[in-house]
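Before any comments, here is the structure.
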Amino acid sequence: MAIREYASQRGWKLSGPILPGGTIYSLVLSPNKDQHNPLLAGTPVGVFRSLSRGDNWSWANRGLAGLQISALASSPNGVLFLGTLDGGLARSVDGGYSWTTLPSLQDAGSITAIAVSPDYLSDGTILVGSDAGGVYRSTDSGKTAKSVNFGLGDLSVLCLTCAAGWPKKPVAFAGTMDGLFRSTNGGRAWRPCQGDLEGLPVQAIVTSPRFDRDGIAFAATEEDGIFRTKDGGDSWSLIGDAIADKTVNCLWISPNFGSDRVVLAGTSSAGLFRSADGGETWVQVLDAGNAVLSLAGDERTIFAGFHNAGAYRSSDGGTTWEPCQEGLFANAFTHLVACSDGTMFATGPDTGIYKSSDGTAWSELTNVPAAGGLAAFVASSDYAKLPLLAFADIEAGVHVSTDGGDSWKQVLTDEVTALCTASDSQGGSILYAGTADGRLLSSRDCGDSWQSQEPFAGQTVLRLEASPSFASDGILVAGTSASGSSAAPVSIWRSRDGGQTWERLIEQEVALHHIGLAIDSSEGRVVAALDRRFLLETGEHEWRRVSAGPGDPPVLTVAIRRQGTSTYYLMGTTLGVYISEDGASWWPMMRGMGYSPILVLAPSVGDERQPVWALGLGGLVWKWDRNPESGSA
């Protein structure tokens with residue numbers, strides 16, 4: 001069947017998000033009424049925008065490269081700025097509809113905060129805080145910037161703000177891991193704030209809308225409560241007994257603070273607190289069970305962003321709250337596993353593990369051990385026979401369950417970075433684990449005992465994949481990169497004897513250390529997603545390299561499908577799915593889906609008896625059906 005016919009007879013059907021809401025690192029509400037006061041949320045999977053004060057959300061990633069949005073800010077006239085965890089900066093002049101990338105900041109690391117001058121219309125000044133390079137200052141709306149760290153005792157900046165009063169009194173504050181610093185010359189130089197704040201990690205800072213007249217500001221610390229100044233930052237005092245022992249992540253001060261005295265504080269473990277007397281007393285007003293990471297608002301509405309709980313809003317000055325999640329899918333799901341019996345699992349670095357039998361209804365596995373950050377996840381290749389699950393955690397090693405997640409045991413304490421399973425010729429199951437130091441561990445008893453090899457010394461194992469016909473061909477494929485270097489080349493290796501001996505198939509310089517792998521078991525050929533290319537092994541050390549098409553979108557995942565004697569290759573990209581018969585000519589496979597970033601195609605190898613599942617950005621799950629009008633799957 002020709003590709004066009006194959007694609008036209010089938011289409012994608014959205015099964016739904018695994019979870020609504022998600023994690024919101026940052027929030028900003030534009031003051032520009034002509035642009036309908038756009039509300040923007042920075043998340044691990046990009047920017048979401050609402051023009052209805054949270055009633056509905058939609059993606060707003062046009063023009064962005066990095067999608068882990070760690071900081072947002074607005075100028076007085078609605079020019080928007082954002083920063084990312086990978087050090088990127090961007091600006092929008094159309095309310096977040098599109099973004100223009102700004103030059104990166106040398107040695108900055110992650111962007112942690114952005115503050116805009118109150119006199120931005122005249123001076124074009126923004127301050128950018130970073131976790132490695134301190135503070136940077138731009139006077140041309142971000143087109144150029146230079147380091148301004150004179151007097152700044154710590155370059156790990158956690159928060160920034162520019163106080164009211166510029167240009168006459170250009171005061172700025174920078175919270176760091178080692179205390180709070182103040183600038184009285186627009187961020188050009190800094191001095192530490194003296195007193196009890198010295199040496200304390202300051203995670204949030206807000207200033208009164210009338211700071212140039214009342215000198216009031218609030219600083220939130222990691223473990224020591226909230227401090228207030230009434231003299232412009234010369235002296236600080238601890239306030240609010242009810243919140244003194246809380247970890248405070250974010251603060252918001254009312255635009256009408258002079259009359260209503262309202263301040264909000266978001267905590268890590270106790271929800272959201274409100275003060276209506278300038279910080280003297282505090283009352284808990286919302287506890288969604290997760291950390292509050294961000295706050296934003298104006299005279300009409302206040303918004304709160306949570307870790308793994310989405311967005312909430314208040315229309316009465318922060319007294320009562322309601323969720324506003326419609327269209328907000330900001331969960332960082334990165335793994336999707338489709339088992340042969342139809343059972344599915346989805347998980348991510350900090351999302352928990354979810355299970356489904358139909359791709360629509362998902363339930364969380366409740367007995368999973370606490371994890372610091374999930375690095376790899378796998379389910380048994382024959383889950384119906386052996387309901388084995390395993391995950392690797394960056395802090396707690398590898399945990400295994402043999403009853404579908406009802407109970408778990410820790411089986412490794414090593415730094416495991418990749419997992420896979422395979423069925424052997426005796427009908428047993430083998431669990432493989434690749435480590436950050438190039439070792440390959442294997443277990444035939446569900447993790448109770450392990451054999452260890454060092455085939456990739458000096459390499460970090462990024463990916464492991466076993467052949468669907470492993471019981472007969474013994475093929476195992478690995479993707480690695482040189483340890484400790486983000487600029488190191490990536491290698492693909494193959495073993496034909498179950499991992500005993502290995503040959504390096506290819507070594508390639510890449511910009512993105514991400515590998516997708518699939519194995520064509522009919523010929524033992526390797527198919528890979530590597531950087532911006534689809535790679536198909538065509539001979540000994542010979543590869544066909546192709547891009548997805550116009551725009552050269554990064555290829556994130558690959559899969560193989562069979563229909564009778566025909567073999568089809570699939571690749572998931574940042575612009576959707578493409579399909580090919582020969583790995584050279586590609587056809588868009590987007591009917592019903594459109595241009596949606598696809599992170600995983602599962603299973604990696606299958607035939608017409610199995611549906612194709614696609615994991616999209618934010619935890620959206622798609623199913624490749626036969627002709628949707630026919631109603632058959």
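Each chain of the structure tokens is named A, B, ... in the order shown, its residues numbered from 1; ligands are numbered from 1 in display order.
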Using only C-alpha atoms, find each residue in region 191-263 of chain A having at least one atom no more than 12 Å away from region 159-173 of chain A; report its shortest atom-to-atom pair and that distance in Å (one decimal), rows by chain then rising number, as CSV.
residue,atom,partner,partner_atom,distance
A:Arg191,CA,A:Phe173,CA,9.6
A:Pro192,CA,A:Phe173,CA,9.6
A:Cys193,CA,A:Phe173,CA,9.3
A:Pro201,CA,A:Cys159,CA,10.2
A:Val202,CA,A:Cys159,CA,7.5
A:Gln203,CA,A:Cys159,CA,5.9
A:Ala204,CA,A:Cys159,CA,5.5
A:Ile205,CA,A:Cys159,CA,6.6
A:Val206,CA,A:Thr161,CA,6.7
A:Thr207,CA,A:Ala163,CA,5.9
A:Ser208,CA,A:Ala164,CA,7.6
A:Pro209,CA,A:Ala164,CA,6.0
A:Arg210,CA,A:Ala164,CA,6.3
A:Phe211,CA,A:Ala164,CA,5.5
A:Asp212,CA,A:Gly165,CA,5.0
A:Arg213,CA,A:Gly165,CA,8.4
A:Asp214,CA,A:Ala164,CA,10.4
A:Gly215,CA,A:Ala163,CA,9.3
A:Ile216,CA,A:Ala163,CA,9.8
A:Ala217,CA,A:Ala163,CA,8.8
A:Phe218,CA,A:Phe173,CA,10.6
A:Ala219,CA,A:Phe173,CA,9.6
A:Ala220,CA,A:Cys159,CA,10.0
A:Thr221,CA,A:Cys159,CA,10.9
A:Gly232,CA,A:Val171,CA,8.6
A:Gly233,CA,A:Phe173,CA,8.9
A:Asp234,CA,A:Phe173,CA,12.0
A:Asn249,CA,A:Cys159,CA,10.0
A:Cys250,CA,A:Cys159,CA,9.3
A:Leu251,CA,A:Cys159,CA,10.7
A:Trp252,CA,A:Thr161,CA,11.8
A:Pro255,CA,A:Ala164,CA,11.5
Using DSSP on the backbone coordinates, identify the residues of region 72-219 of chain A assigned to alpha helix (DSSP H); present them as a PDB file with C-alpha atoms, in the first residue's frame.
ATOM      1  CA  TYR A 120      11.254  50.979  30.519  1.00  0.00           C
ATOM      2  CA  LEU A 121       9.506  53.194  27.940  1.00  0.00           C
ATOM      3  CA  SER A 122      12.368  55.666  28.269  1.00  0.00           C
ATOM      4  CA  ASP A 123      15.399  53.570  29.235  1.00  0.00           C
ATOM      5  CA  PHE A 211       8.338  52.128  47.346  1.00  0.00           C
ATOM      6  CA  ASP A 212       9.878  55.506  46.493  1.00  0.00           C
ATOM      7  CA  ARG A 213       7.605  57.036  49.179  1.00  0.00           C
ATOM      8  CA  ASP A 214       7.020  54.311  51.802  1.00  0.00           C
TER       9      ASP A 214
END
Can you pull out every residue from region 401-505 of chain A that DSSP, working from the backbone, puts in strand (DSSP E or B), and format the result as a short mmCIF file (atom, residue, chain, number, x, y, z; two decimals) with C-alpha atoms, in the first residue's frame?
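Result file is out_7.cif:
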data_model
loop_
_atom_site.label_atom_id
_atom_site.label_comp_id
_atom_site.auth_asym_id
_atom_site.auth_seq_id
_atom_site.Cartn_x
_atom_site.Cartn_y
_atom_site.Cartn_z
CA SER A 401 7.90 -4.30 40.91
CA LYS A 409 11.89 -3.27 46.04
CA GLN A 410 15.17 -1.43 45.59
CA VAL A 411 17.56 -3.60 43.58
CA LEU A 412 20.40 -1.21 42.67
CA VAL A 416 21.41 4.07 36.26
CA THR A 417 20.53 6.16 33.22
CA ALA A 418 18.86 3.62 30.88
CA LEU A 419 16.70 0.49 31.21
CA CYS A 420 15.22 -2.14 28.92
CA THR A 421 13.81 -5.66 29.11
CA ALA A 422 14.01 -8.65 26.75
CA SER A 423 12.53 -12.16 26.58
CA SER A 429 12.81 -12.11 31.18
CA ILE A 430 16.10 -10.19 31.27
CA LEU A 431 16.34 -6.72 32.79
CA TYR A 432 19.19 -4.54 31.49
CA ALA A 433 20.49 -1.36 33.13
CA GLY A 434 23.03 1.09 31.67
CA THR A 435 24.93 3.40 34.01
CA LEU A 440 25.96 -2.67 31.52
CA LEU A 441 24.16 -4.62 34.24
CA SER A 442 21.83 -7.56 33.54
CA SER A 443 19.49 -9.57 35.74
CA GLN A 451 25.98 -9.48 36.20
CA SER A 452 28.19 -6.50 35.35
CA GLN A 453 30.26 -5.56 32.30
CA GLN A 459 30.58 6.85 28.40
CA THR A 460 27.13 7.56 29.81
CA VAL A 461 24.48 5.16 28.57
CA LEU A 462 21.61 7.27 27.21
CA ARG A 463 19.39 4.57 25.76
CA LEU A 464 19.02 0.77 25.59
CA GLU A 465 16.73 -1.09 23.18
CA ALA A 466 16.23 -4.85 22.73
CA LEU A 476 20.69 -5.28 21.88
CA VAL A 477 21.38 -1.65 20.90
CA ALA A 478 22.81 1.14 23.06
CA GLY A 479 23.25 4.89 22.67
CA THR A 480 26.00 6.56 24.69
CA SER A 481 27.85 9.86 25.08
CA ALA A 482 31.20 10.70 26.65
CA VAL A 490 27.05 10.41 20.69
CA SER A 491 27.68 6.78 19.73
CA ILE A 492 25.36 3.94 18.76
CA TRP A 493 26.45 0.38 19.55
CA ARG A 494 25.05 -3.08 18.73
CA SER A 495 25.43 -6.47 20.36
CA GLU A 503 30.52 -3.05 18.04
CA ARG A 504 30.32 0.71 17.60
CA LEU A 505 28.11 1.45 14.61
#
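The nearest approach to Thr125 (chain A) among the residues A:Thr84, A:Ser449, A:Ser74, A:Asn149, with only C-alpha atoms taken into account, belongs to A:Ser74.
Between CA of Gln284 (chain A) and CA of Asn256 (chain A) the interatomic distance comes to 20.8 Å.
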Open item on the list: Can you tell me which residues surround region 106-113 of chain A at a distance of at most 7 Å, considering only C-alpha atoms, apart from same-chain residues fewer than 6 positions away, and format the answer as a list in words?
Closed with: Ser70, Ala71, Gly83, Thr84, Leu85, Asp86, Gly87, Val128, Gly129, Ser130, Asp131, Ala132, Gly133, Val157, Leu158, Cys159 and Leu160 of chain A
Would you mind exporting N, CA and C atoms of the selected residues as a PDB file, in the first residue's frame?
ATOM      1  N   SER A  70      11.544  29.238  32.791  1.00  0.00           N
ATOM      2  CA  SER A  70      11.805  29.438  34.216  1.00  0.00           C
ATOM      3  C   SER A  70      11.501  30.848  34.697  1.00  0.00           C
ATOM      4  N   ALA A  71      11.386  31.823  33.793  1.00  0.00           N
ATOM      5  CA  ALA A  71      11.166  33.210  34.210  1.00  0.00           C
ATOM      6  C   ALA A  71      10.337  33.947  33.173  1.00  0.00           C
ATOM      7  N   GLY A  83      12.817  33.675  30.147  1.00  0.00           N
ATOM      8  CA  GLY A  83      14.093  32.983  30.256  1.00  0.00           C
ATOM      9  C   GLY A  83      13.851  31.508  30.462  1.00  0.00           C
ATOM     10  N   THR A  84      14.834  30.683  30.067  1.00  0.00           N
ATOM     11  CA  THR A  84      14.673  29.236  30.124  1.00  0.00           C
ATOM     12  C   THR A  84      15.752  28.598  30.989  1.00  0.00           C
ATOM     13  N   LEU A  85      15.518  27.352  31.352  1.00  0.00           N
ATOM     14  CA  LEU A  85      16.470  26.627  32.170  1.00  0.00           C
ATOM     15  C   LEU A  85      17.765  26.331  31.428  1.00  0.00           C
ATOM     16  N   ASP A  86      17.726  26.350  30.099  1.00  0.00           N
ATOM     17  CA  ASP A  86      18.962  26.137  29.339  1.00  0.00           C
ATOM     18  C   ASP A  86      19.631  27.446  28.944  1.00  0.00           C
ATOM     19  N   GLY A  87      19.245  28.543  29.585  1.00  0.00           N
ATOM     20  CA  GLY A  87      19.936  29.813  29.388  1.00  0.00           C
ATOM     21  C   GLY A  87      19.414  30.674  28.263  1.00  0.00           C
ATOM     22  N   VAL A 128      18.554  40.657  34.243  1.00  0.00           N
ATOM     23  CA  VAL A 128      18.364  39.211  34.112  1.00  0.00           C
ATOM     24  C   VAL A 128      19.207  38.519  35.166  1.00  0.00           C
ATOM     25  N   GLY A 129      18.581  37.661  35.958  1.00  0.00           N
ATOM     26  CA  GLY A 129      19.301  36.891  36.965  1.00  0.00           C
ATOM     27  C   GLY A 129      19.545  35.473  36.496  1.00  0.00           C
ATOM     28  N   SER A 130      20.681  34.910  36.885  1.00  0.00           N
ATOM     29  CA  SER A 130      21.052  33.564  36.461  1.00  0.00           C
ATOM     30  C   SER A 130      21.587  32.768  37.643  1.00  0.00           C
ATOM     31  N   ASP A 131      21.666  31.444  37.478  1.00  0.00           N
ATOM     32  CA  ASP A 131      22.137  30.621  38.585  1.00  0.00           C
ATOM     33  C   ASP A 131      23.645  30.442  38.591  1.00  0.00           C
ATOM     34  N   ALA A 132      24.332  30.935  37.556  1.00  0.00           N
ATOM     35  CA  ALA A 132      25.787  30.767  37.506  1.00  0.00           C
ATOM     36  C   ALA A 132      26.526  32.052  37.193  1.00  0.00           C
ATOM     37  N   GLY A 133      25.891  33.001  36.518  1.00  0.00           N
ATOM     38  CA  GLY A 133      26.580  34.204  36.071  1.00  0.00           C
ATOM     39  C   GLY A 133      26.152  35.479  36.756  1.00  0.00           C
ATOM     40  N   VAL A 157      21.792  33.747  41.587  1.00  0.00           N
ATOM     41  CA  VAL A 157      20.670  34.668  41.787  1.00  0.00           C
ATOM     42  C   VAL A 157      19.355  33.895  41.738  1.00  0.00           C
ATOM     43  N   LEU A 158      18.518  34.098  42.737  1.00  0.00           N
ATOM     44  CA  LEU A 158      17.232  33.413  42.822  1.00  0.00           C
ATOM     45  C   LEU A 158      16.052  34.303  42.455  1.00  0.00           C
ATOM     46  N   CYS A 159      16.171  35.616  42.654  1.00  0.00           N
ATOM     47  CA  CYS A 159      15.062  36.516  42.366  1.00  0.00           C
ATOM     48  C   CYS A 159      15.595  37.927  42.136  1.00  0.00           C
ATOM     49  N   LEU A 160      14.801  38.724  41.425  1.00  0.00           N
ATOM     50  CA  LEU A 160      15.149  40.108  41.097  1.00  0.00           C
ATOM     51  C   LEU A 160      13.887  40.962  41.100  1.00  0.00           C
TER      52      LEU A 160
END
Task: All residues 8 Å or closer to Ser30 (chain A), only C-alpha atoms, same chain fewer than 5 positions away omitted, as a list in words - done: Asn37, Pro38, Leu39, Ser74, Ser75, Gly78, Leu80 and Gly95 of chain A
Task: Near-Ser98 (chain A) list (7 Å; only C-alpha atoms; drop same-chain fewer than 5 positions) as a list in words - done: Ala60, Asn61, Arg62, Gly63 and Ser92 of chain A
Dump as a CSV table (one decimal), in the first residue's frame, selection limited to C-alpha atoms:
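Written file, out.csv:
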chain,number,residue,atom,x,y,z
A,60,ALA,CA,2.2,30.1,22.9
A,61,ASN,CA,5.6,28.6,21.8
A,62,ARG,CA,5.9,30.1,18.3
A,63,GLY,CA,9.5,31.1,17.8
A,92,SER,CA,7.4,39.2,22.5
Counting only C-alpha atoms, what is within 12 Å of Phe273 (chain A), bar same-chain residues fewer than 6 positions away, as an mmCIF file with N, CA and C atoms, in the first residue's frame?
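And here's around_37.cif as it stands now:
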data_model
loop_
_atom_site.group_PDB
_atom_site.id
_atom_site.type_symbol
_atom_site.label_atom_id
_atom_site.label_comp_id
_atom_site.auth_asym_id
_atom_site.auth_seq_id
_atom_site.Cartn_x
_atom_site.Cartn_y
_atom_site.Cartn_z
ATOM 1 N N ILE A 226 9.610 35.285 56.373
ATOM 2 C CA ILE A 226 9.550 36.505 55.564
ATOM 3 C C ILE A 226 10.065 37.690 56.373
ATOM 4 N N GLY A 240 5.380 37.928 60.906
ATOM 5 C CA GLY A 240 4.406 36.865 60.686
ATOM 6 C C GLY A 240 4.751 35.542 61.318
ATOM 7 N N ALA A 242 2.889 33.006 61.915
ATOM 8 C CA ALA A 242 2.226 31.864 61.281
ATOM 9 C C ALA A 242 2.992 31.325 60.090
ATOM 10 N N ILE A 243 3.897 32.125 59.533
ATOM 11 C CA ILE A 243 4.614 31.712 58.337
ATOM 12 C C ILE A 243 6.122 31.680 58.562
ATOM 13 N N ALA A 244 6.545 31.884 59.805
ATOM 14 C CA ALA A 244 7.967 32.038 60.102
ATOM 15 C C ALA A 244 8.779 30.792 59.823
ATOM 16 N N LYS A 246 8.057 28.448 57.476
ATOM 17 C CA LYS A 246 7.705 27.890 56.173
ATOM 18 C C LYS A 246 8.768 28.218 55.126
ATOM 19 N N THR A 247 8.894 27.329 54.134
ATOM 20 C CA THR A 247 9.709 27.617 52.955
ATOM 21 C C THR A 247 8.849 28.396 51.972
ATOM 22 N N VAL A 248 9.175 29.657 51.750
ATOM 23 C CA VAL A 248 8.372 30.532 50.896
ATOM 24 C C VAL A 248 9.042 30.649 49.527
ATOM 25 N N ASN A 249 8.306 30.280 48.482
ATOM 26 C CA ASN A 249 8.840 30.278 47.118
ATOM 27 C C ASN A 249 8.547 31.550 46.344
ATOM 28 N N CYS A 250 7.428 32.206 46.643
ATOM 29 C CA CYS A 250 7.017 33.346 45.838
ATOM 30 C C CYS A 250 6.167 34.307 46.662
ATOM 31 N N LEU A 251 6.153 35.555 46.228
ATOM 32 C CA LEU A 251 5.387 36.609 46.881
ATOM 33 C C LEU A 251 4.619 37.414 45.841
ATOM 34 N N TRP A 252 3.514 38.018 46.278
ATOM 35 C CA TRP A 252 2.767 38.962 45.438
ATOM 36 C C TRP A 252 2.260 40.080 46.332
ATOM 37 N N VAL A 262 -2.561 44.199 51.258
ATOM 38 C CA VAL A 262 -2.593 42.761 50.963
ATOM 39 C C VAL A 262 -1.260 42.281 50.392
ATOM 40 N N VAL A 263 -0.754 41.184 50.963
ATOM 41 C CA VAL A 263 0.426 40.480 50.460
ATOM 42 C C VAL A 263 0.103 38.994 50.477
ATOM 43 N N LEU A 264 0.550 38.267 49.449
ATOM 44 C CA LEU A 264 0.382 36.816 49.376
ATOM 45 C C LEU A 264 1.739 36.142 49.387
ATOM 46 N N ALA A 265 1.792 34.946 49.979
ATOM 47 C CA ALA A 265 3.026 34.168 50.049
ATOM 48 C C ALA A 265 2.728 32.721 49.698
ATOM 49 N N GLY A 266 3.440 32.181 48.717
ATOM 50 C CA GLY A 266 3.293 30.792 48.320
ATOM 51 C C GLY A 266 4.391 29.943 48.924
ATOM 52 N N THR A 267 4.019 28.839 49.558
ATOM 53 C CA THR A 267 4.975 28.009 50.273
ATOM 54 C C THR A 267 5.175 26.659 49.587
ATOM 55 N N GLY A 279 1.627 42.269 56.351
ATOM 56 C CA GLY A 279 2.562 41.226 56.743
ATOM 57 C C GLY A 279 2.618 40.927 58.218
ATOM 58 N N THR A 281 0.152 39.677 60.224
ATOM 59 C CA THR A 281 -0.486 38.386 60.463
ATOM 60 C C THR A 281 -0.819 37.733 59.127
ATOM 61 N N TRP A 282 -0.866 36.383 59.148
ATOM 62 C CA TRP A 282 -1.080 35.625 57.908
ATOM 63 C C TRP A 282 -2.124 34.544 58.142
ATOM 64 N N VAL A 283 -2.920 34.274 57.103
ATOM 65 C CA VAL A 283 -3.947 33.244 57.151
ATOM 66 C C VAL A 283 -3.801 32.371 55.909
ATOM 67 N N GLN A 284 -3.848 31.048 56.101
ATOM 68 C CA GLN A 284 -3.818 30.143 54.954
ATOM 69 C C GLN A 284 -5.136 30.250 54.191
ATOM 70 N N VAL A 285 -5.049 30.472 52.863
ATOM 71 C CA VAL A 285 -6.258 30.641 52.050
ATOM 72 C C VAL A 285 -6.423 29.560 50.995
ATOM 73 N N LEU A 286 -5.370 28.790 50.716
ATOM 74 C CA LEU A 286 -5.464 27.748 49.690
ATOM 75 C C LEU A 286 -4.366 26.729 49.923
ATOM 76 N N ASP A 287 -4.747 25.450 49.935
ATOM 77 C CA ASP A 287 -3.776 24.367 49.992
ATOM 78 C C ASP A 287 -4.193 23.308 48.978
ATOM 79 N N VAL A 292 3.478 25.946 45.934
ATOM 80 C CA VAL A 292 3.142 27.131 45.143
ATOM 81 C C VAL A 292 4.449 27.699 44.591
ATOM 82 N N LEU A 295 3.223 33.556 41.457
ATOM 83 C CA LEU A 295 2.053 34.403 41.698
ATOM 84 C C LEU A 295 2.085 35.586 40.739
ATOM 85 N N ALA A 304 -2.257 31.923 40.867
ATOM 86 C CA ALA A 304 -1.215 31.153 41.545
ATOM 87 C C ALA A 304 -0.867 29.940 40.697
ATOM 88 N N GLY A 318 -7.655 37.460 46.811
ATOM 89 C CA GLY A 318 -6.902 36.357 47.380
ATOM 90 C C GLY A 318 -7.574 35.645 48.525
ATOM 91 N N THR A 319 -8.839 35.942 48.797
ATOM 92 C CA THR A 319 -9.545 35.300 49.914
ATOM 93 C C THR A 319 -10.048 33.909 49.533
ATOM 94 N N THR A 320 -10.675 33.791 48.373
ATOM 95 C CA THR A 320 -11.146 32.488 47.883
ATOM 96 C C THR A 320 -10.543 32.214 46.513
ATOM 97 N N TRP A 321 -10.431 30.904 46.187
ATOM 98 C CA TRP A 321 -9.722 30.493 44.974
ATOM 99 C C TRP A 321 -10.482 29.393 44.246
#
Open item on the list: Need the shell around Arg532 (chain A): protein/DNA/RNA residues with any atom at most 7 Å away, counting only C-alpha atoms. Skip same-chain ones fewer than 6 positions apart. Format as an MDAnalysis selection string?
Closed with: chainID A and resid 547 552:555
Write out the residues from the selection above, keeping N, CA and C atoms, as a PDB file, in the first residue's frame.
ATOM      1  N   SER A 547      16.305  14.524   6.964  1.00  0.00           N
ATOM      2  CA  SER A 547      15.587  15.417   7.867  1.00  0.00           C
ATOM      3  C   SER A 547      14.096  15.245   7.627  1.00  0.00           C
ATOM      4  N   ASP A 552      13.431  21.788   9.089  1.00  0.00           N
ATOM      5  CA  ASP A 552      14.405  20.887   9.698  1.00  0.00           C
ATOM      6  C   ASP A 552      14.109  20.661  11.176  1.00  0.00           C
ATOM      7  N   PRO A 553      12.898  20.219  11.526  1.00  0.00           N
ATOM      8  CA  PRO A 553      12.554  20.054  12.950  1.00  0.00           C
ATOM      9  C   PRO A 553      13.340  18.905  13.577  1.00  0.00           C
ATOM     10  N   PRO A 554      13.724  19.023  14.836  1.00  0.00           N
ATOM     11  CA  PRO A 554      14.421  17.927  15.511  1.00  0.00           C
ATOM     12  C   PRO A 554      13.577  16.652  15.525  1.00  0.00           C
ATOM     13  N   VAL A 555      14.235  15.512  15.271  1.00  0.00           N
ATOM     14  CA  VAL A 555      13.579  14.207  15.327  1.00  0.00           C
ATOM     15  C   VAL A 555      13.753  13.667  16.747  1.00  0.00           C
TER      16      VAL A 555
END
Could you produce a table of the residues of region 227-318 of chain A lying within 12 Å of region 346-358 of chain A, with the nearest pair of atoms per residue and their separation in Å rounded to one decimal, using only C-alpha atoms, ordered by chain and increasing residue number, as a Markdown table?
| residue | atom | partner | partner_atom | distance |
| --- | --- | --- | --- | --- |
| A:His307 | CA | A:Asp350 | CA | 9.7 |
| A:Asn308 | CA | A:Thr351 | CA | 7.2 |
| A:Ala309 | CA | A:Thr351 | CA | 10.6 |
Export of the given selection (C-alpha atoms) as a JSON list (two decimals), in the first residue's frame:
[["chain", "number", "residue", "atom", "x", "y", "z"],
["A", 307, "HIS", "CA", 3.91, 22.24, 41.10],
["A", 308, "ASN", "CA", 1.89, 19.43, 39.46],
["A", 309, "ALA", "CA", -1.42, 21.15, 40.30]]
TODO: Quick one: pull the distance between CA of Gly16 (chain A) and CA of Gly327 (chain A), Å, one decimal.
DONE: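 That distance, rounded to one decimal, is 11.0 Å.
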Open item on the list: Using Å and a single decimal, report how far CA of Ala376 (chain A) sits from CA of Val600 (chain A).
Closed with: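 Atom-to-atom, CA of Val600 (chain A) and CA of Ala376 (chain A) are spaced 13.4 Å apart.
Minimum atom-to-atom distance to Asp55 (chain A), evaluated using only C-alpha atoms, belongs to A:Ala311 out of A:Ala145, A:Leu67, A:Glu581, A:Ala311.
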